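Novice: Here you go, one structure.
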Amino acid sequence: MMRLFHLATLSLFAPLFLTSPVLAFNPLHVQQLLSTGECSRCDLSGANLSNAYLIGADLTEANLKGANLKGANLEGADLSGANLKGANLTEAFLTNVDMRQTNLDGVNFAKATINDSNVYGASMNDLNISDATIFNTAIGVGGEDLEDYKGWP
(Lines give C-alpha, C1' and ligand atoms only; values in the text may rest on other atoms or scores of the structure.)
Protein backbone atom coordinates (compact mmCIF):
# COMPACT_ATOMS: atom_id res chain seq x y z
CA MET A 1 0.00 0.00 0.00
CA MET A 2 2.82 2.41 0.86
CA ARG A 3 4.49 1.60 -2.44
CA LEU A 4 1.32 2.56 -4.30
CA PHE A 5 1.21 5.87 -2.40
CA HIS A 6 4.80 6.70 -3.40
CA LEU A 7 4.12 5.79 -7.00
CA ALA A 8 1.00 8.00 -7.07
CA THR A 9 2.87 10.89 -5.47
CA LEU A 10 5.74 10.54 -7.92
CA SER A 11 3.37 10.53 -10.89
CA LEU A 12 1.76 13.76 -9.65
CA PHE A 13 5.02 15.64 -9.15
CA ALA A 14 7.15 14.22 -11.99
CA PRO A 15 5.86 16.71 -14.59
CA LEU A 16 6.97 19.58 -12.37
CA PHE A 17 10.55 18.33 -12.30
CA LEU A 18 10.75 17.27 -15.94
CA THR A 19 9.66 20.57 -17.44
CA SER A 20 12.00 23.48 -17.85
CA PRO A 21 10.91 27.01 -17.02
CA VAL A 22 9.97 29.05 -20.07
CA LEU A 23 11.18 32.37 -18.74
CA ALA A 24 13.32 32.51 -15.62
CA PHE A 25 14.99 35.83 -14.91
CA ASN A 26 17.66 36.17 -12.27
CA PRO A 27 16.26 38.33 -9.42
CA LEU A 28 19.77 39.57 -8.59
CA HIS A 29 20.12 40.84 -12.16
CA VAL A 30 16.84 42.78 -11.86
CA GLN A 31 18.06 44.34 -8.62
CA GLN A 32 21.42 45.17 -10.22
CA LEU A 33 19.73 46.86 -13.20
CA LEU A 34 17.36 48.93 -11.09
CA SER A 35 20.05 50.05 -8.65
CA THR A 36 23.00 50.67 -11.00
CA GLY A 37 21.54 50.94 -14.51
CA GLU A 38 24.14 48.44 -15.70
CA CYS A 39 23.28 44.88 -16.56
CA SER A 40 25.27 43.78 -19.59
CA ARG A 41 24.66 40.10 -20.46
CA CYS A 42 22.11 39.77 -17.65
CA ASP A 43 19.24 37.27 -17.65
CA LEU A 44 16.10 39.37 -17.44
CA SER A 45 13.91 37.01 -19.45
CA GLY A 46 10.29 37.37 -18.40
CA ALA A 47 11.09 40.05 -15.81
CA ASN A 48 8.49 42.67 -14.93
CA LEU A 49 10.18 46.01 -15.59
CA SER A 50 7.01 47.92 -16.35
CA ASN A 51 7.30 51.68 -15.85
CA ALA A 52 10.99 51.28 -14.98
CA TYR A 53 13.24 54.32 -15.22
CA LEU A 54 16.10 52.93 -17.34
CA ILE A 55 17.56 56.10 -18.85
CA GLY A 56 21.08 55.39 -20.14
CA ALA A 57 20.95 51.77 -18.97
CA ASP A 58 23.63 49.36 -20.25
CA LEU A 59 21.74 46.27 -21.40
CA THR A 60 24.21 45.11 -24.06
CA GLU A 61 23.66 41.47 -24.94
CA ALA A 62 21.10 41.10 -22.13
CA ASN A 63 18.38 38.47 -22.34
CA LEU A 64 15.07 40.34 -22.14
CA LYS A 65 13.05 37.66 -23.94
CA GLY A 66 9.39 38.05 -22.99
CA ALA A 67 10.16 40.83 -20.49
CA ASN A 68 7.45 43.33 -19.56
CA LEU A 69 8.80 46.83 -20.26
CA LYS A 70 5.39 48.46 -20.64
CA GLY A 71 5.74 52.21 -20.06
CA ALA A 72 9.49 51.95 -19.37
CA ASN A 73 11.74 54.92 -20.09
CA LEU A 74 14.75 53.63 -22.04
CA GLU A 75 16.06 56.97 -23.28
CA GLY A 76 19.74 56.65 -24.27
CA ALA A 77 19.87 52.96 -23.30
CA ASP A 78 22.27 50.53 -24.96
CA LEU A 79 20.39 47.40 -26.03
CA SER A 80 22.88 46.38 -28.71
CA GLY A 81 23.00 42.63 -29.19
CA ALA A 82 20.19 42.08 -26.69
CA ASN A 83 17.39 39.53 -27.06
CA LEU A 84 13.98 41.21 -26.72
CA LYS A 85 12.04 38.50 -28.55
CA GLY A 86 8.38 38.73 -27.55
CA ALA A 87 8.97 41.56 -25.07
CA ASN A 88 6.20 44.02 -24.23
CA LEU A 89 7.28 47.61 -24.86
CA THR A 90 3.77 49.04 -25.08
CA GLU A 91 3.84 52.77 -24.32
CA ALA A 92 7.61 52.62 -23.75
CA PHE A 93 9.81 55.65 -24.45
CA LEU A 94 12.86 54.87 -26.61
CA THR A 95 14.85 57.91 -27.74
CA ASN A 96 18.51 57.65 -28.80
CA VAL A 97 18.48 53.92 -28.03
CA ASP A 98 21.15 51.66 -29.52
CA MET A 99 19.40 48.52 -30.76
CA ARG A 100 22.03 47.38 -33.25
CA GLN A 101 22.05 43.61 -33.82
CA THR A 102 19.14 43.26 -31.37
CA ASN A 103 16.49 40.54 -31.64
CA LEU A 104 13.21 42.48 -31.81
CA ASP A 105 11.14 39.60 -33.22
CA GLY A 106 7.58 39.69 -31.93
CA VAL A 107 8.12 42.83 -29.82
CA ASN A 108 5.00 44.80 -28.95
CA PHE A 109 5.78 48.49 -29.59
CA ALA A 110 2.10 49.53 -29.57
CA LYS A 111 1.74 53.20 -28.56
CA ALA A 112 5.52 53.41 -27.96
CA THR A 113 7.59 56.50 -28.77
CA ILE A 114 10.73 55.59 -30.73
CA ASN A 115 12.94 58.48 -31.86
CA ASP A 116 16.47 58.73 -33.25
CA SER A 117 17.30 55.11 -32.42
CA ASN A 118 19.69 52.80 -34.27
CA VAL A 119 18.30 49.43 -35.37
CA TYR A 120 21.03 48.50 -37.84
CA GLY A 121 21.16 44.72 -38.25
CA ALA A 122 18.28 44.13 -35.85
CA SER A 123 15.86 41.29 -36.49
CA MET A 124 12.36 42.76 -36.74
CA ASN A 125 9.89 40.02 -37.65
CA ASP A 126 6.26 40.26 -36.52
CA LEU A 127 6.54 43.63 -34.77
CA ASN A 128 3.44 45.33 -33.41
CA ILE A 129 3.91 49.04 -34.07
CA SER A 130 0.24 50.03 -33.98
CA ASP A 131 -0.26 53.62 -32.83
CA ALA A 132 3.51 53.96 -32.20
CA THR A 133 5.25 57.26 -32.85
CA ILE A 134 8.43 56.52 -34.80
CA PHE A 135 10.78 59.28 -35.97
CA ASN A 136 14.29 59.00 -37.49
CA THR A 137 14.35 55.26 -36.78
CA ALA A 138 14.36 52.63 -39.51
CA ILE A 139 11.81 50.28 -37.99
CA GLY A 140 9.81 48.50 -40.63
CA VAL A 141 11.52 50.31 -43.50
CA GLY A 142 14.73 48.36 -44.03
CA GLY A 143 17.00 49.14 -41.07
CA GLU A 144 19.63 46.77 -42.45
CA ASP A 145 20.47 49.23 -45.24
CA LEU A 146 21.17 52.14 -42.94
CA GLU A 147 24.58 51.34 -41.44
CA ASP A 148 25.42 54.93 -40.53
CA TYR A 149 21.90 56.14 -39.81
CA LYS A 150 21.83 59.41 -37.84
CA GLY A 151 25.55 59.36 -37.15
CA TRP A 152 25.66 56.06 -35.31
CA PRO A 153 28.89 54.06 -35.75
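The chains in the C-alpha coordinates are called A, B, ... from first to last as shown; in each chain the residues are counted from 1, and the ligands are counted from 1 in the order shown.
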Would you kindly return, as a tab-separated table (two decimals) with N, CA and C atoms, in the first residue's frame, each protein, DNA or RNA residue with an atom no farther than 6 Å from any atom of stretch 111-122 of chain A, considering only C-alpha atoms and excluding same-chain residues fewer than 4 positions away?

Specialist:
```tsv
chain	number	residue	atom	x	y	z
A	90	THR	N	4.93	48.17	-24.89
A	90	THR	CA	3.77	49.04	-25.08
A	90	THR	C	3.97	50.32	-24.29
A	91	GLU	N	3.74	51.44	-24.93
A	91	GLU	CA	3.84	52.77	-24.32
A	91	GLU	C	5.23	53.09	-23.76
A	92	ALA	N	6.24	52.34	-24.20
A	92	ALA	CA	7.61	52.62	-23.75
A	92	ALA	C	8.16	53.84	-24.48
A	93	PHE	N	9.16	54.46	-23.89
A	93	PHE	CA	9.81	55.65	-24.45
A	93	PHE	C	11.24	55.28	-24.81
A	94	LEU	N	11.53	55.26	-26.12
A	94	LEU	CA	12.86	54.87	-26.61
A	94	LEU	C	13.40	55.98	-27.51
A	95	THR	N	14.20	56.86	-26.97
A	95	THR	CA	14.85	57.91	-27.74
A	95	THR	C	16.35	57.74	-27.61
A	96	ASN	N	17.05	57.83	-28.76
A	96	ASN	CA	18.51	57.65	-28.80
A	96	ASN	C	18.93	56.31	-28.21
A	97	VAL	N	18.18	55.26	-28.53
A	97	VAL	CA	18.48	53.92	-28.03
A	97	VAL	C	19.29	53.17	-29.08
A	98	ASP	N	20.34	52.49	-28.64
A	98	ASP	CA	21.15	51.66	-29.52
A	98	ASP	C	20.59	50.25	-29.50
A	99	MET	N	19.97	49.86	-30.63
A	99	MET	CA	19.40	48.52	-30.76
A	99	MET	C	20.05	47.77	-31.92
A	100	ARG	N	21.33	48.08	-32.19
A	100	ARG	CA	22.03	47.38	-33.25
A	100	ARG	C	22.16	45.90	-32.92
A	101	GLN	N	21.92	45.06	-33.94
A	101	GLN	CA	22.05	43.61	-33.82
A	101	GLN	C	21.15	43.03	-32.73
A	102	THR	N	20.06	43.70	-32.42
A	102	THR	CA	19.14	43.26	-31.37
A	102	THR	C	18.03	42.40	-31.96
A	103	ASN	N	17.61	41.37	-31.22
A	103	ASN	CA	16.49	40.54	-31.64
A	103	ASN	C	15.21	41.22	-31.16
A	131	ASP	N	-0.17	52.35	-33.56
A	131	ASP	CA	-0.26	53.62	-32.83
A	131	ASP	C	1.07	54.07	-32.22
A	132	ALA	N	2.19	53.52	-32.69
A	132	ALA	CA	3.51	53.96	-32.20
A	132	ALA	C	3.92	55.23	-32.93
A	133	THR	N	4.68	56.07	-32.25
A	133	THR	CA	5.25	57.26	-32.85
A	133	THR	C	6.72	56.95	-33.13
A	134	ILE	N	7.08	56.90	-34.41
A	134	ILE	CA	8.43	56.52	-34.80
A	134	ILE	C	9.01	57.63	-35.67
A	135	PHE	N	10.15	58.19	-35.24
A	135	PHE	CA	10.78	59.28	-35.97
A	135	PHE	C	12.28	59.03	-36.04
A	136	ASN	N	12.86	59.19	-37.26
A	136	ASN	CA	14.29	59.00	-37.49
A	136	ASN	C	14.80	57.64	-36.99
A	137	THR	N	13.99	56.63	-37.15
A	137	THR	CA	14.35	55.26	-36.78
A	137	THR	C	13.85	54.35	-37.88
A	143	GLY	N	15.90	48.70	-41.94
A	143	GLY	CA	17.00	49.14	-41.07
A	143	GLY	C	18.34	48.57	-41.46
A	144	GLU	N	18.36	47.40	-42.09
A	144	GLU	CA	19.63	46.77	-42.45
A	144	GLU	C	20.44	47.60	-43.44
A	147	GLU	N	23.46	51.60	-42.35
A	147	GLU	CA	24.58	51.34	-41.44
A	147	GLU	C	24.98	52.57	-40.63
```

Novice: For A:Leu59, which residue out of A:Lys85, A:Ser80, A:Gly71, A:Ala47 is the nearest one, using only C-alpha atoms?

Specialist: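 Between A:Lys85, A:Ser80, A:Gly71, A:Ala47, the residue approaching A:Leu59 most closely is A:Ser80.
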
Novice: Measuring between only C-alpha atoms, which one of A:Leu49, A:Ile55, A:Leu33, A:Cys39 shows the shortest distance to A:Glu75?

Specialist: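 Of A:Leu49, A:Ile55, A:Leu33, A:Cys39, the one nearest A:Glu75 is A:Ile55, counting only C-alpha atoms.
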
Novice: Please provide the set of residues having any atom within 10 Å of A:Thr36, restricted to only C-alpha atoms, with same-chain residues fewer than 6 positions apart removed, written as a list in words.

Specialist: Leu54, Ala57 and Asp58 of chain A

Novice: Just list the residues in stretch 62-134 of chain A DSSP gives strand (DSSP E or B) on the backbone, as a PDB file with N, CA, C and O atoms, in the first residue's frame.

Specialist:
```pdb
ATOM      1  N   ASN A  63      19.505  39.294 -21.938  1.00  0.00           N
ATOM      2  CA  ASN A  63      18.379  38.466 -22.345  1.00  0.00           C
ATOM      3  C   ASN A  63      17.111  39.051 -21.733  1.00  0.00           C
ATOM      4  O   ASN A  63      16.865  38.906 -20.536  1.00  0.00           O
ATOM      5  N   ASN A  68       8.493  42.313 -19.545  1.00  0.00           N
ATOM      6  CA  ASN A  68       7.453  43.334 -19.561  1.00  0.00           C
ATOM      7  C   ASN A  68       8.100  44.693 -19.297  1.00  0.00           C
ATOM      8  O   ASN A  68       8.492  44.984 -18.173  1.00  0.00           O
ATOM      9  N   ASN A  73      10.993  53.836 -19.460  1.00  0.00           N
ATOM     10  CA  ASN A  73      11.738  54.916 -20.092  1.00  0.00           C
ATOM     11  C   ASN A  73      13.154  54.413 -20.352  1.00  0.00           C
ATOM     12  O   ASN A  73      13.922  54.225 -19.418  1.00  0.00           O
ATOM     13  N   ASP A  78      21.515  51.354 -24.015  1.00  0.00           N
ATOM     14  CA  ASP A  78      22.267  50.529 -24.964  1.00  0.00           C
ATOM     15  C   ASP A  78      21.729  49.106 -24.889  1.00  0.00           C
ATOM     16  O   ASP A  78      21.965  48.385 -23.932  1.00  0.00           O
ATOM     17  N   ASN A  83      18.494  40.361 -26.581  1.00  0.00           N
ATOM     18  CA  ASN A  83      17.390  39.535 -27.063  1.00  0.00           C
ATOM     19  C   ASN A  83      16.105  40.041 -26.412  1.00  0.00           C
ATOM     20  O   ASN A  83      15.891  39.836 -25.225  1.00  0.00           O
ATOM     21  N   ASN A  88       7.283  43.041 -24.185  1.00  0.00           N
ATOM     22  CA  ASN A  88       6.202  44.020 -24.229  1.00  0.00           C
ATOM     23  C   ASN A  88       6.773  45.408 -23.958  1.00  0.00           C
ATOM     24  O   ASN A  88       7.169  45.703 -22.834  1.00  0.00           O
ATOM     25  N   PHE A  93       9.164  54.458 -23.886  1.00  0.00           N
ATOM     26  CA  PHE A  93       9.807  55.645 -24.447  1.00  0.00           C
ATOM     27  C   PHE A  93      11.236  55.277 -24.809  1.00  0.00           C
ATOM     28  O   PHE A  93      12.043  54.979 -23.929  1.00  0.00           O
ATOM     29  N   LEU A  94      11.532  55.261 -26.116  1.00  0.00           N
ATOM     30  CA  LEU A  94      12.855  54.873 -26.609  1.00  0.00           C
ATOM     31  C   LEU A  94      13.402  55.979 -27.513  1.00  0.00           C
ATOM     32  O   LEU A  94      13.093  56.026 -28.692  1.00  0.00           O
ATOM     33  N   THR A  95      14.199  56.862 -26.970  1.00  0.00           N
ATOM     34  CA  THR A  95      14.850  57.912 -27.742  1.00  0.00           C
ATOM     35  C   THR A  95      16.354  57.741 -27.614  1.00  0.00           C
ATOM     36  O   THR A  95      16.857  57.512 -26.513  1.00  0.00           O
ATOM     37  N   ASP A  98      20.335  52.492 -28.636  1.00  0.00           N
ATOM     38  CA  ASP A  98      21.153  51.662 -29.520  1.00  0.00           C
ATOM     39  C   ASP A  98      20.589  50.248 -29.500  1.00  0.00           C
ATOM     40  O   ASP A  98      20.684  49.539 -28.498  1.00  0.00           O
ATOM     41  N   ASN A 103      17.613  41.371 -31.224  1.00  0.00           N
ATOM     42  CA  ASN A 103      16.488  40.543 -31.642  1.00  0.00           C
ATOM     43  C   ASN A 103      15.212  41.224 -31.162  1.00  0.00           C
ATOM     44  O   ASN A 103      14.916  41.224 -29.970  1.00  0.00           O
ATOM     45  N   ASN A 108       6.192  43.967 -28.922  1.00  0.00           N
ATOM     46  CA  ASN A 108       4.999  44.800 -28.953  1.00  0.00           C
ATOM     47  C   ASN A 108       5.397  46.244 -28.650  1.00  0.00           C
ATOM     48  O   ASN A 108       5.690  46.586 -27.502  1.00  0.00           O
ATOM     49  N   THR A 113       6.943  55.358 -28.127  1.00  0.00           N
ATOM     50  CA  THR A 113       7.588  56.498 -28.771  1.00  0.00           C
ATOM     51  C   THR A 113       9.028  56.101 -29.039  1.00  0.00           C
ATOM     52  O   THR A 113       9.773  55.809 -28.102  1.00  0.00           O
ATOM     53  N   ILE A 114       9.392  56.041 -30.332  1.00  0.00           N
ATOM     54  CA  ILE A 114      10.728  55.594 -30.728  1.00  0.00           C
ATOM     55  C   ILE A 114      11.334  56.666 -31.627  1.00  0.00           C
ATOM     56  O   ILE A 114      10.904  56.845 -32.760  1.00  0.00           O
ATOM     57  N   ASN A 115      12.330  57.381 -31.115  1.00  0.00           N
ATOM     58  CA  ASN A 115      12.943  58.482 -31.862  1.00  0.00           C
ATOM     59  C   ASN A 115      14.456  58.328 -31.919  1.00  0.00           C
ATOM     60  O   ASN A 115      15.082  57.958 -30.922  1.00  0.00           O
ATOM     61  N   ASN A 118      18.970  53.571 -33.264  1.00  0.00           N
ATOM     62  CA  ASN A 118      19.692  52.796 -34.268  1.00  0.00           C
ATOM     63  C   ASN A 118      19.268  51.341 -34.190  1.00  0.00           C
ATOM     64  O   ASN A 118      19.430  50.691 -33.154  1.00  0.00           O
ATOM     65  N   SER A 123      16.888  42.170 -35.951  1.00  0.00           N
ATOM     66  CA  SER A 123      15.862  41.291 -36.490  1.00  0.00           C
ATOM     67  C   SER A 123      14.512  41.842 -36.060  1.00  0.00           C
ATOM     68  O   SER A 123      14.291  42.088 -34.867  1.00  0.00           O
ATOM     69  N   ASN A 128       4.699  44.609 -33.539  1.00  0.00           N
ATOM     70  CA  ASN A 128       3.436  45.330 -33.414  1.00  0.00           C
ATOM     71  C   ASN A 128       3.807  46.786 -33.177  1.00  0.00           C
ATOM     72  O   ASN A 128       4.305  47.137 -32.110  1.00  0.00           O
ATOM     73  N   THR A 133       4.679  56.067 -32.252  1.00  0.00           N
ATOM     74  CA  THR A 133       5.250  57.262 -32.851  1.00  0.00           C
ATOM     75  C   THR A 133       6.718  56.951 -33.130  1.00  0.00           C
ATOM     76  O   THR A 133       7.491  56.734 -32.190  1.00  0.00           O
ATOM     77  N   ILE A 134       7.076  56.895 -34.414  1.00  0.00           N
ATOM     78  CA  ILE A 134       8.429  56.520 -34.802  1.00  0.00           C
ATOM     79  C   ILE A 134       9.009  57.632 -35.666  1.00  0.00           C
ATOM     80  O   ILE A 134       8.442  57.996 -36.692  1.00  0.00           O
TER      81      ILE A 134
END
```

Novice: I need the residue nearest A:Asn26 from this list: A:Ala138, A:Cys42, A:Met124, A:Leu84. Use only C-alpha atoms for the distance.

Specialist: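 Using only C-alpha atoms, A:Asn26 sits closest to A:Cys42.
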
Novice: Within stretch 32-138 of chain A, find each residue whose DSSP state, derived from the backbone, is helix (DSSP H, G or I), and express the selection as a PyMOL selection string.

Specialist: chain A and resi 32-36

Novice: So how far away is atom CA of A:Ala87 from atom CA of A:Gln32, in Å?

Specialist: 19.7 Å
